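Visitor: Just one file: target-v6.pdb, with PDB, C-alpha atoms and all ligand atoms.
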```
ATOM      1  CA  MET A   1      41.659  30.528 -32.260
ATOM      2  CA  ASN A   2      41.641  33.264 -34.875
ATOM      3  CA  SER A   3      39.267  36.007 -33.652
ATOM      4  CA  VAL A   4      38.388  39.657 -34.405
ATOM      5  CA  THR A   5      36.245  42.161 -32.464
ATOM      6  CA  VAL A   6      34.720  45.139 -34.246
ATOM      7  CA  SER A   7      32.070  47.715 -33.426
ATOM      8  CA  ALA A   8      29.794  49.875 -35.581
ATOM      9  CA  PRO A   9      27.429  52.738 -34.744
ATOM     10  CA  SER A  10      23.714  53.105 -35.302
ATOM     11  CA  ASN A  11      22.257  55.951 -37.372
ATOM     12  CA  ILE A  12      19.084  57.988 -37.499
ATOM     13  CA  ALA A  13      17.604  58.869 -40.882
ATOM     14  CA  LEU A  14      16.319  62.416 -41.440
ATOM     15  CA  ILE A  15      15.141  61.544 -44.931
ATOM     16  CA  LYS A  16      13.802  58.032 -44.597
ATOM     17  CA  TYR A  17      14.413  54.812 -46.455
ATOM     18  CA  MET A  18      10.888  53.438 -46.686
ATOM     19  CA  GLY A  19      10.039  51.202 -49.639
ATOM     20  CA  LYS A  20      12.463  48.964 -51.487
ATOM     21  CA  ILE A  21      12.765  47.613 -55.016
ATOM     22  CA  GLU A  22      11.529  44.011 -54.955
ATOM     23  CA  GLY A  23      14.177  41.339 -55.271
ATOM     24  CA  SER A  24      17.021  43.873 -55.399
ATOM     25  CA  GLY A  25      18.782  43.018 -52.126
ATOM     26  CA  ASN A  26      17.377  46.046 -50.282
ATOM     27  CA  LYS A  27      17.867  48.718 -52.932
ATOM     28  CA  PRO A  28      15.738  51.692 -51.854
ATOM     29  CA  THR A  29      12.959  53.355 -53.834
ATOM     30  CA  ASN A  30      14.295  56.773 -52.710
ATOM     31  CA  GLY A  31      17.511  58.299 -51.428
ATOM     32  CA  SER A  32      17.989  58.761 -47.670
ATOM     33  CA  LEU A  33      20.187  60.908 -45.451
ATOM     34  CA  SER A  34      21.255  59.954 -41.932
ATOM     35  CA  TYR A  35      23.229  61.215 -38.974
ATOM     36  CA  THR A  36      25.465  58.597 -37.369
ATOM     37  CA  LEU A  37      24.910  57.912 -33.681
ATOM     38  CA  GLU A  38      28.496  57.250 -32.587
ATOM     39  CA  ASN A  39      27.520  56.485 -29.018
ATOM     40  CA  LEU A  40      25.005  53.746 -29.831
ATOM     41  CA  ARG A  41      27.104  50.806 -30.983
ATOM     42  CA  THR A  42      26.958  47.078 -31.630
ATOM     43  CA  PHE A  43      30.052  44.968 -30.919
ATOM     44  CA  VAL A  44      30.649  41.786 -32.876
ATOM     45  CA  ARG A  45      33.305  39.150 -32.127
ATOM     46  CA  LEU A  46      33.930  36.611 -34.856
ATOM     47  CA  THR A  47      35.885  33.463 -33.959
ATOM     48  CA  GLU A  48      36.902  30.525 -36.143
ATOM     49  CA  ILE A  49      35.300  27.285 -34.966
ATOM     50  CA  SER A  50      35.665  23.689 -36.016
ATOM     51  CA  GLY A  51      31.892  22.906 -35.905
ATOM     52  CA  PRO A  52      29.882  22.017 -39.032
ATOM     53  CA  VAL A  53      27.853  25.296 -39.188
ATOM     54  CA  ASP A  54      28.122  28.964 -38.256
ATOM     55  CA  GLN A  55      26.676  29.851 -34.878
ATOM     56  CA  TRP A  56      25.444  32.902 -33.020
ATOM     57  CA  LYS A  57      25.444  33.697 -29.340
ATOM     58  CA  ALA A  58      25.206  36.807 -27.177
ATOM     59  CA  PHE A  59      28.542  38.555 -26.588
ATOM     60  CA  VAL A  60      29.174  38.613 -22.842
ATOM     61  CA  ARG A  61      31.395  41.492 -21.770
ATOM     62  CA  GLU A  62      31.057  43.585 -18.654
ATOM     63  CA  ASP A  63      30.495  46.892 -20.439
ATOM     64  CA  LEU A  64      27.944  45.527 -22.928
ATOM     65  CA  THR A  65      24.276  44.511 -22.873
ATOM     66  CA  PRO A  66      23.867  41.231 -24.738
ATOM     67  CA  ILE A  67      21.372  41.355 -27.612
ATOM     68  CA  GLU A  68      18.431  39.011 -27.236
ATOM     69  CA  LEU A  69      17.765  37.571 -30.668
ATOM     70  CA  SER A  70      14.828  35.404 -31.666
ATOM     71  CA  GLU A  71      15.587  32.245 -33.648
ATOM     72  CA  LYS A  72      14.531  34.163 -36.782
ATOM     73  CA  GLY A  73      16.833  37.061 -35.868
ATOM     74  CA  GLN A  74      19.764  34.698 -35.292
ATOM     75  CA  GLN A  75      19.161  32.997 -38.634
ATOM     76  CA  ARG A  76      19.062  36.362 -40.425
ATOM     77  CA  PHE A  77      22.444  37.232 -38.921
ATOM     78  CA  ILE A  78      23.938  33.829 -39.749
ATOM     79  CA  LYS A  79      22.546  34.096 -43.288
ATOM     80  CA  HIS A  80      24.298  37.436 -43.782
ATOM     81  CA  LEU A  81      27.602  35.886 -42.651
ATOM     82  CA  GLY A  82      26.955  33.047 -45.133
ATOM     83  CA  PHE A  83      26.441  35.628 -47.889
ATOM     84  CA  LEU A  84      29.716  37.389 -46.983
ATOM     85  CA  LYS A  85      31.595  34.057 -46.861
ATOM     86  CA  MET A  86      30.273  33.213 -50.306
ATOM     87  CA  LYS A  87      31.521  36.567 -51.675
ATOM     88  CA  TRP A  88      35.002  35.951 -50.257
ATOM     89  CA  GLY A  89      35.022  32.235 -51.121
ATOM     90  CA  VAL A  90      35.438  31.307 -47.449
ATOM     91  CA  THR A  91      34.483  27.826 -46.222
ATOM     92  CA  GLN A  92      35.666  28.141 -42.610
ATOM     93  CA  ASN A  93      32.872  28.259 -39.981
ATOM     94  CA  TYR A  94      32.563  30.923 -37.285
ATOM     95  CA  LEU A  95      30.959  31.771 -34.012
ATOM     96  CA  ILE A  96      29.344  35.227 -34.130
ATOM     97  CA  GLU A  97      28.937  36.928 -30.766
ATOM     98  CA  SER A  98      27.158  40.268 -30.598
ATOM     99  CA  ALA A  99      26.064  42.810 -28.007
ATOM    100  CA  ASN A 100      25.122  46.479 -27.779
ATOM    101  CA  ASN A 101      26.559  49.170 -25.534
ATOM    102  CA  PHE A 102      22.985  50.411 -24.907
ATOM    103  CA  PRO A 103      20.153  48.624 -23.097
ATOM    104  CA  SER A 104      18.205  46.214 -25.285
ATOM    105  CA  ASP A 105      14.904  47.038 -23.586
ATOM    106  CA  CYS A 106      14.807  50.700 -24.565
ATOM    107  CA  GLY A 107      13.141  50.256 -27.939
ATOM    108  CA  LEU A 108      16.154  51.514 -29.885
ATOM    109  CA  ALA A 109      16.695  49.558 -33.075
ATOM    110  CA  SER A 110      20.025  47.849 -33.486
ATOM    111  CA  SER A 111      19.717  46.282 -36.910
ATOM    112  CA  ALA A 112      21.750  49.046 -38.603
ATOM    113  CA  SER A 113      24.631  48.829 -36.129
ATOM    114  CA  SER A 114      24.419  44.999 -35.925
ATOM    115  CA  PHE A 115      24.679  44.341 -39.647
ATOM    116  CA  ALA A 116      27.316  47.022 -40.166
ATOM    117  CA  ALA A 117      29.419  45.522 -37.339
ATOM    118  CA  LEU A 118      29.036  41.977 -38.704
ATOM    119  CA  THR A 119      30.045  43.112 -42.197
ATOM    120  CA  LEU A 120      33.097  44.958 -40.839
ATOM    121  CA  ALA A 121      34.098  42.028 -38.606
ATOM    122  CA  ALA A 122      33.855  39.554 -41.500
ATOM    123  CA  ALA A 123      35.835  41.880 -43.786
ATOM    124  CA  GLU A 124      38.588  42.207 -41.184
ATOM    125  CA  MET A 125      38.717  38.448 -40.617
ATOM    126  CA  PHE A 126      38.625  37.518 -44.313
ATOM    127  CA  GLN A 127      41.178  40.194 -45.184
ATOM    128  CA  LYS A 128      43.592  38.274 -42.944
ATOM    129  CA  THR A 129      42.715  34.824 -44.209
ATOM    130  CA  HIS A 130      41.787  35.523 -47.868
ATOM    131  CA  PRO A 131      43.544  38.825 -48.691
ATOM    132  CA  GLN A 132      43.198  38.584 -52.476
ATOM    133  CA  SER A 133      39.603  37.655 -52.941
ATOM    134  CA  TRP A 134      37.376  40.718 -52.396
ATOM    135  CA  GLY A 135      37.630  44.461 -52.034
ATOM    136  CA  THR A 136      37.393  45.998 -48.596
ATOM    137  CA  ASP A 137      36.893  49.619 -49.654
ATOM    138  CA  LYS A 138      34.032  51.355 -47.892
ATOM    139  CA  LYS A 139      31.693  51.437 -50.870
ATOM    140  CA  THR A 140      32.015  47.689 -51.369
ATOM    141  CA  LEU A 141      31.454  47.031 -47.666
ATOM    142  CA  SER A 142      28.499  49.414 -47.582
ATOM    143  CA  GLU A 143      26.959  47.596 -50.555
ATOM    144  CA  LEU A 144      27.466  44.227 -48.865
ATOM    145  CA  SER A 145      26.082  45.456 -45.552
ATOM    146  CA  ARG A 146      22.993  46.847 -47.332
ATOM    147  CA  GLN A 147      22.097  43.337 -48.376
ATOM    148  CA  GLY A 148      21.876  42.277 -44.719
ATOM    149  CA  SER A 149      19.880  45.309 -43.574
ATOM    150  CA  GLY A 150      19.291  48.353 -45.770
ATOM    151  CA  SER A 151      19.858  51.104 -43.225
ATOM    152  CA  SER A 152      23.124  49.472 -42.043
ATOM    153  CA  CYS A 153      24.887  50.617 -45.233
ATOM    154  CA  ARG A 154      24.816  54.188 -43.866
ATOM    155  CA  SER A 155      26.491  53.213 -40.577
ATOM    156  CA  LEU A 156      29.916  52.960 -42.237
ATOM    157  CA  TYR A 157      30.182  56.728 -42.546
ATOM    158  CA  SER A 158      30.233  59.505 -40.016
ATOM    159  CA  PRO A 159      28.675  61.896 -39.268
ATOM    160  CA  TRP A 160      26.473  62.284 -42.397
ATOM    161  CA  ALA A 161      25.652  59.467 -44.811
ATOM    162  CA  LEU A 162      23.793  59.680 -48.097
ATOM    163  CA  TRP A 163      22.400  56.465 -49.588
ATOM    164  CA  GLN A 164      20.867  56.587 -53.040
ATOM    165  CA  HIS A 165      21.349  53.310 -54.851
ATOM    166  CA  GLU A 166      23.803  50.464 -54.249
ATOM    167  CA  TYR A 167      25.827  51.892 -51.376
ATOM    168  CA  ALA A 168      26.008  54.850 -49.037
ATOM    169  CA  GLU A 169      28.615  57.585 -49.159
ATOM    170  CA  ASN A 170      29.883  60.220 -46.834
ATOM    171  CA  MET A 171      28.257  63.628 -47.291
ATOM    172  CA  ALA A 172      30.152  66.736 -46.260
ATOM    173  CA  LEU A 173      27.698  68.904 -44.312
ATOM    174  CA  PRO A 174      27.984  71.354 -41.437
ATOM    175  CA  PHE A 175      26.638  70.418 -37.975
ATOM    176  CA  GLU A 176      29.117  67.616 -37.464
ATOM    177  CA  ASN A 177      28.684  67.433 -33.717
ATOM    178  CA  LEU A 178      25.007  67.114 -32.827
ATOM    179  CA  HIS A 179      23.686  66.077 -29.423
ATOM    180  CA  HIS A 180      21.160  63.254 -29.451
ATOM    181  CA  LEU A 181      18.205  62.830 -27.138
ATOM    182  CA  VAL A 182      15.641  60.013 -27.360
ATOM    183  CA  VAL A 183      12.389  60.094 -25.467
ATOM    184  CA  ILE A 184      11.578  56.429 -24.866
ATOM    185  CA  VAL A 185       7.817  56.346 -25.179
ATOM    186  CA  GLU A 186       7.571  52.631 -25.770
ATOM    187  CA  ASP A 187      10.220  50.089 -24.898
ATOM    188  CA  SER A 188       8.504  46.897 -25.987
ATOM    189  CA  LYS A 189       9.200  45.152 -29.279
ATOM    190  CA  LYS A 190       7.283  46.621 -32.212
ATOM    191  CA  GLU A 191       4.491  44.569 -33.747
ATOM    192  CA  VAL A 192       5.223  45.445 -37.368
ATOM    193  CA  SER A 193       8.880  44.957 -38.305
ATOM    194  CA  SER A 194      10.532  47.454 -40.632
ATOM    195  CA  SER A 195      10.811  44.679 -43.271
ATOM    196  CA  GLU A 196       7.007  44.319 -43.212
ATOM    197  CA  ALA A 197       6.561  48.109 -43.203
ATOM    198  CA  HIS A 198       8.647  48.419 -46.408
ATOM    199  CA  LYS A 199       6.186  46.075 -48.136
ATOM    200  CA  LEU A 200       2.962  47.448 -46.661
ATOM    201  CA  VAL A 201       3.627  51.112 -47.516
ATOM    202  CA  THR A 202       3.426  50.321 -51.227
ATOM    203  CA  THR A 203      -0.310  49.631 -50.744
ATOM    204  CA  SER A 204      -0.945  53.167 -49.508
ATOM    205  CA  PRO A 205      -2.525  55.618 -51.992
ATOM    206  CA  ARG A 206       0.028  58.086 -50.630
ATOM    207  CA  PHE A 207       2.881  55.904 -51.919
ATOM    208  CA  GLU A 208       2.216  57.447 -55.310
ATOM    209  CA  GLY A 209       4.368  60.555 -55.279
ATOM    210  CA  ARG A 210       6.314  59.387 -52.223
ATOM    211  CA  VAL A 211       9.574  58.990 -54.171
ATOM    212  CA  ASP A 212       9.290  62.523 -55.584
ATOM    213  CA  ARG A 213       8.430  63.980 -52.180
ATOM    214  CA  ALA A 214      11.373  62.225 -50.489
ATOM    215  CA  GLU A 215      13.814  63.169 -53.258
ATOM    216  CA  MET A 216      12.695  66.789 -53.155
ATOM    217  CA  ARG A 217      13.118  66.894 -49.371
ATOM    218  CA  LEU A 218      16.536  65.279 -49.708
ATOM    219  CA  ARG A 219      17.662  68.094 -52.018
ATOM    220  CA  ASP A 220      16.022  70.791 -49.884
ATOM    221  CA  LEU A 221      17.416  69.419 -46.617
ATOM    222  CA  THR A 222      21.005  69.121 -47.840
ATOM    223  CA  ASN A 223      20.754  72.701 -49.137
ATOM    224  CA  ALA A 224      19.228  73.950 -45.886
ATOM    225  CA  LEU A 225      22.009  72.317 -43.859
ATOM    226  CA  ARG A 226      24.675  73.604 -46.253
ATOM    227  CA  PHE A 227      23.372  77.147 -45.843
ATOM    228  CA  ASN A 228      23.017  76.777 -42.068
ATOM    229  CA  ASP A 229      19.243  77.225 -42.331
ATOM    230  CA  TRP A 230      18.304  75.269 -39.191
ATOM    231  CA  HIS A 231      14.688  76.496 -39.224
ATOM    232  CA  LEU A 232      14.091  75.155 -42.706
ATOM    233  CA  ALA A 233      15.972  71.926 -41.924
ATOM    234  CA  ARG A 234      13.771  71.369 -38.889
ATOM    235  CA  GLN A 235      10.584  71.867 -40.929
ATOM    236  CA  ILE A 236      11.708  69.453 -43.672
ATOM    237  CA  VAL A 237      12.759  66.782 -41.154
ATOM    238  CA  TRP A 238       9.403  67.102 -39.384
ATOM    239  CA  ASP A 239       7.368  66.879 -42.622
ATOM    240  CA  GLU A 240       9.400  63.840 -43.647
ATOM    241  CA  PHE A 241       8.730  61.632 -40.631
ATOM    242  CA  ILE A 242       5.060  62.673 -40.592
ATOM    243  CA  ASP A 243       4.870  61.673 -44.267
ATOM    244  CA  MET A 244       6.350  58.237 -43.436
ATOM    245  CA  HIS A 245       3.937  57.710 -40.540
ATOM    246  CA  LYS A 246       0.985  58.723 -42.732
ATOM    247  CA  LEU A 247       2.073  56.021 -45.192
ATOM    248  CA  PHE A 248       1.838  53.484 -42.380
ATOM    249  CA  GLU A 249      -1.592  54.709 -41.358
ATOM    250  CA  THR A 250      -3.002  54.598 -44.902
ATOM    251  CA  SER A 251      -1.607  51.172 -45.852
ATOM    252  CA  THR A 252      -3.789  48.086 -46.255
ATOM    253  CA  PRO A 253      -3.941  46.807 -43.603
ATOM    254  CA  SER A 254      -3.158  50.049 -41.853
ATOM    255  CA  PHE A 255      -0.821  50.132 -38.887
ATOM    256  CA  SER A 256       0.700  52.737 -36.637
ATOM    257  CA  TYR A 257       3.637  53.146 -34.279
ATOM    258  CA  MET A 258       2.432  56.463 -32.832
ATOM    259  CA  THR A 259       1.146  56.255 -29.304
ATOM    260  CA  ASP A 260      -0.477  58.863 -27.080
ATOM    261  CA  GLY A 261       2.967  59.269 -25.539
ATOM    262  CA  SER A 262       4.551  60.039 -28.936
ATOM    263  CA  ARG A 263       1.823  62.596 -29.670
ATOM    264  CA  GLN A 264       2.313  64.218 -26.299
ATOM    265  CA  VAL A 265       6.081  64.539 -26.857
ATOM    266  CA  LEU A 266       5.616  65.905 -30.391
ATOM    267  CA  GLU A 267       3.068  68.453 -29.175
ATOM    268  CA  GLU A 268       5.446  69.597 -26.454
ATOM    269  CA  CYS A 269       8.295  69.920 -28.984
ATOM    270  CA  GLN A 270       6.058  72.048 -31.191
ATOM    271  CA  LYS A 271       5.085  74.293 -28.256
ATOM    272  CA  LEU A 272       8.708  74.770 -27.247
ATOM    273  CA  TRP A 273       9.655  75.579 -30.827
ATOM    274  CA  ASN A 274       6.860  78.150 -31.090
ATOM    275  CA  LYS A 275       7.941  79.723 -27.831
ATOM    276  CA  TRP A 276      11.671  79.986 -28.561
ATOM    277  CA  GLN A 277      11.604  79.938 -32.374
ATOM    278  CA  ASP A 278      14.413  77.447 -32.054
ATOM    279  CA  GLY A 279      14.906  73.873 -30.872
ATOM    280  CA  PRO A 280      16.113  70.469 -32.031
ATOM    281  CA  LEU A 281      15.537  68.582 -35.268
ATOM    282  CA  VAL A 282      12.781  66.124 -34.338
ATOM    283  CA  THR A 283      12.228  62.767 -36.006
ATOM    284  CA  MET A 284      10.744  59.308 -35.475
ATOM    285  CA  ASP A 285      11.698  55.975 -36.973
ATOM    286  CA  ALA A 286       9.373  53.012 -37.477
ATOM    287  CA  GLY A 287       8.625  53.085 -33.760
ATOM    288  CA  ALA A 288       6.993  55.188 -31.065
ATOM    289  CA  ASN A 289      10.125  56.866 -29.685
ATOM    290  CA  VAL A 290      10.966  60.471 -30.496
ATOM    291  CA  HIS A 291      14.523  61.394 -31.484
ATOM    292  CA  MET A 292      15.916  64.913 -31.206
ATOM    293  CA  LEU A 293      19.186  66.358 -32.504
ATOM    294  CA  PHE A 294      20.562  69.557 -31.005
ATOM    295  CA  ARG A 295      23.273  71.849 -32.357
ATOM    296  CA  ASN A 296      26.465  72.299 -30.426
ATOM    297  CA  ASP A 297      25.395  75.792 -29.328
ATOM    298  CA  GLN A 298      22.112  74.394 -27.945
ATOM    299  CA  LEU A 299      23.672  72.458 -25.053
ATOM    300  CA  LYS A 300      21.581  74.424 -22.576
ATOM    301  CA  SER A 301      18.283  73.558 -24.222
ATOM    302  CA  PHE A 302      19.515  69.968 -24.677
ATOM    303  CA  ALA A 303      19.804  69.816 -20.865
ATOM    304  CA  SER A 304      16.437  71.466 -20.270
ATOM    305  CA  TYR A 305      14.536  69.252 -22.770
ATOM    306  CA  ARG A 306      16.179  66.269 -21.110
ATOM    307  CA  GLU A 307      14.991  67.382 -17.705
ATOM    308  CA  GLN A 308      11.519  68.288 -18.886
ATOM    309  CA  PHE A 309      10.818  64.976 -20.661
ATOM    310  CA  ALA A 310      12.437  62.911 -17.912
ATOM    311  CA  ALA A 311       9.590  63.998 -15.623
ATOM    312  CA  ASN A 312       7.190  61.734 -17.580
ATOM    313  CA  PHE A 313       9.272  59.399 -19.724
ATOM    314  CA  LYS A 314      12.482  57.446 -19.863
ATOM    315  CA  VAL A 315      15.024  59.610 -21.678
ATOM    316  CA  MET A 316      18.412  58.749 -23.128
ATOM    317  CA  ALA A 317      20.797  61.576 -23.894
ATOM    318  CA  PHE A 318      24.128  61.422 -25.694
ATOM    319  CA  GLU A 319      26.433  64.373 -26.007
ATOM    320  CA  GLY A 320      27.939  64.539 -29.434
ATOM    321  CA  VAL A 321      31.495  63.890 -28.484
ATOM    322  CA  LYS A 322      33.002  61.180 -30.639
ATOM    323  CA  SER A 323      32.983  58.007 -28.612
ATOM    324  CA  ASN A 324      36.329  56.296 -28.150
ATOM    325  CA  VAL A 325      34.978  52.773 -27.754
ATOM    326  CA  HIS A 326      36.193  50.144 -30.195
TER     327      HIS A 326
HETATM  328  O1  LIG B   1      17.024  48.893 -42.600
HETATM  329  P1  LIG B   1      15.616  48.568 -42.270
HETATM  330  O2  LIG B   1      15.034  47.578 -43.224
HETATM  331  O3  LIG B   1      15.435  48.179 -40.814
HETATM  332  O4  LIG B   1      14.721  49.879 -42.497
HETATM  333  C1  LIG B   1      14.834  51.025 -41.708
HETATM  334  C2  LIG B   1      13.758  51.970 -42.011
HETATM  335  C3  LIG B   1      13.694  53.220 -41.150
HETATM  336  O5  LIG B   1      14.460  53.078 -39.983
HETATM  337  C4  LIG B   1      12.248  53.439 -40.750
HETATM  338  C5  LIG B   1      14.147  54.459 -41.913
HETATM  339  C6  LIG B   1      15.625  54.576 -42.182
HETATM  340  O6  LIG B   1      15.966  55.146 -43.227
HETATM  341  O7  LIG B   1      16.447  54.166 -41.347
END
```
Take the structure in the file and write it out as structure tokens.
Ligand code: PMV

Guide:
Amino acid sequence: MNSVTVSAPSNIALIKYMGKIEGSGNKPTNGSLSYTLENLRTFVRLTEISGPVDQWKAFVREDLTPIELSEKGQQRFIKHLGFLKMKWGVTQNYLIESANNFPSDCGLASSASSFAALTLAAAEMFQKTHPQSWGTDKKTLSELSRQGSGSSCRSLYSPWALWQHEYAENMALPFENLHHLVVIVEDSKKEVSSSEAHKLVTTSPRFEGRVDRAEMRLRDLTNALRFNDWHLARQIVWDEFIDMHKLFETSTPSFSYMTDGSRQVLEECQKLWNKWQDGPLVTMDAGANVHMLFRNDQLKSFASYREQFAANFKVMAFEGVKSNVH
């Protein structure tokens, strides 16, 4: 049986994709910038099958945690493969198997890494079987992946990815080797999916001006990073996720991912920053967990934050060495 296995990393946005242009296949209302999380990966195995339809099942491999996907989640994945097959003119059916190398019950999203891995696996398979029919350059693949899940289009680049319109691109910035810590405040499935959040935020009175605010922060953050201004970068990143969470809270109906645990962690981060006048970049996605990125010269504080938060919460910490898993 013809089969390929591919993996792709997750990413964390520092300037957020929140709000999309209706009917555009996940084109964003504003540009976003992300740091790729090389150690958090989804593995996809694609195998030709003789059955009448494409299928999905969990990838069982000793070193991986199988993804648990709802029927809706499975159909979304299968639909994206169908879309890719259509682009390549492929009629063959496949079994998709997928799994993460991180626990599925830790509240870390895997849609970016999942859709990026599926897009890469399909491209590798179709390149073998239909070499002439479609481009496999990164921009094309990023654009295709975007149509499965917006944020996945950034996962094709490392370490920094900028996504403004159709596809993401690599962005050359310093701080290429950050250390990533996540304080797992909530590990249950979120009630409002990011797809719903993208729609709801447009009802917020704060959505007016959101595009300008995000675009301005995108410019200011890339400049701050370019000029090694960590203090300014940290402030912009903080303002940005607070802005996104305020959109959630002022939508109709309003919703929130922040829990008392999130607030407690954020407060502690602020105290530590005030004390040392230094610390990690802090951000939150559409969830309750708090992500932190430390510079290479902050390994000591990376270890002490890890220890401090582990006293009250589940913590996952990843040193920024490039992973060698494939
Ligand atoms: O790709 P989606 O539709 O799951 O949206 C992701 C949205 C955020 O994670 C909240 C922000 C981002 O830019 O990744």

Visitor: Taking all atoms listed in the file into account, which residues are within 6 Å of ligand LIG 1 (chain B), as a PyMOL selection string?

Guide: chain A and resi 13+16-18+149-151+194-195+285-286

Visitor: Residues of the last selection are to be written out with C-alpha atoms, as a tab-separated table (two decimals), keeping the file's coordinate frame.

Guide:
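Saved as selection_18.tsv:
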```tsv
chain	number	residue	atom	x	y	z
A	13	ALA	CA	17.60	58.87	-40.88
A	16	LYS	CA	13.80	58.03	-44.60
A	17	TYR	CA	14.41	54.81	-46.46
A	18	MET	CA	10.89	53.44	-46.69
A	149	SER	CA	19.88	45.31	-43.57
A	150	GLY	CA	19.29	48.35	-45.77
A	151	SER	CA	19.86	51.10	-43.22
A	194	SER	CA	10.53	47.45	-40.63
A	195	SER	CA	10.81	44.68	-43.27
A	285	ASP	CA	11.70	55.98	-36.97
A	286	ALA	CA	9.37	53.01	-37.48
```

Visitor: For the structure provided, state which residues fall under the PyMOL selection byres (((chain A and resi 287) around 8) and not hetatm), and present them as a list in words.

Guide: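 For this structure, the PyMOL selection byres (((chain A and resi 287) around 8) and not hetatm) captures Gly107, Lys190, Tyr257, Met258, Met284, Asp285, Ala286, Ala288 and Asn289 of chain A.
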
Visitor: Within 10 Å of Leu156 in chain A, counting only C-alpha atoms, which residues qualify if same-chain residues fewer than 5 places away don't, as a PyMOL selection string?

Guide: chain A and resi 8-11+36+112-113+116-117+119-120+138-139+141-142+145+161+168-170

Visitor: Find the distance between CA of Ile96 in chain A and CA of Leu46 in chain A and write it in Å to one decimal.

Guide: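 CA of Ile96 in chain A sits 4.8 Å away from CA of Leu46 in chain A.
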
Visitor: Please compute the CA of Ala172 in chain A-CA of Asn228 in chain A distance, one decimal, in Å.

Guide: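 One can read the CA of Ala172 in chain A to CA of Asn228 in chain A distance as 13.0 Å.
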
Visitor: Report the residues retrieved by the PyMOL selection byres (((chain A and resi 4) around 7) and not hetatm) from the displayed file, expressed as number ranges by chain.

Guide: A: 3, 5-6, 45-47, 121, 125

Visitor: Under the PyMOL selection byres (((chain A and resi 158) around 9) and not hetatm), which residues of this model are included? Write them out as a PDB file with C-alpha atoms, in the coordinates of the input.

Guide:
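Final output, selection.pdb:
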```pdb
ATOM      1  CA  TYR A  35      23.229  61.215 -38.974  1.00  0.00           C
ATOM      2  CA  THR A  36      25.465  58.597 -37.369  1.00  0.00           C
ATOM      3  CA  LEU A  37      24.910  57.912 -33.681  1.00  0.00           C
ATOM      4  CA  GLU A  38      28.496  57.250 -32.587  1.00  0.00           C
ATOM      5  CA  ARG A 154      24.816  54.188 -43.866  1.00  0.00           C
ATOM      6  CA  SER A 155      26.491  53.213 -40.577  1.00  0.00           C
ATOM      7  CA  LEU A 156      29.916  52.960 -42.237  1.00  0.00           C
ATOM      8  CA  TYR A 157      30.182  56.728 -42.546  1.00  0.00           C
ATOM      9  CA  PRO A 159      28.675  61.896 -39.268  1.00  0.00           C
ATOM     10  CA  TRP A 160      26.473  62.284 -42.397  1.00  0.00           C
ATOM     11  CA  ALA A 161      25.652  59.467 -44.811  1.00  0.00           C
ATOM     12  CA  ASN A 170      29.883  60.220 -46.834  1.00  0.00           C
ATOM     13  CA  MET A 171      28.257  63.628 -47.291  1.00  0.00           C
ATOM     14  CA  GLU A 176      29.117  67.616 -37.464  1.00  0.00           C
TER      15      GLU A 176
END
```

Visitor: With only C-alpha atoms as the basis for distance, which of A:His130, A:Asn101, A:Gln147, A:Val60 is at the shortest distance from Arg76 in chain A?

Guide: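 Looking at the shortest contact to Arg76 in chain A, the residue is A:Gln147.
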
Visitor: Under the rule that only C-alpha atoms are counted, which of A:Val183, A:Thr140, A:Lys189, A:Arg234 is the nearest residue to Gln264 in chain A?

Guide: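 Closest to Gln264 in chain A, using only C-alpha atoms: A:Val183.
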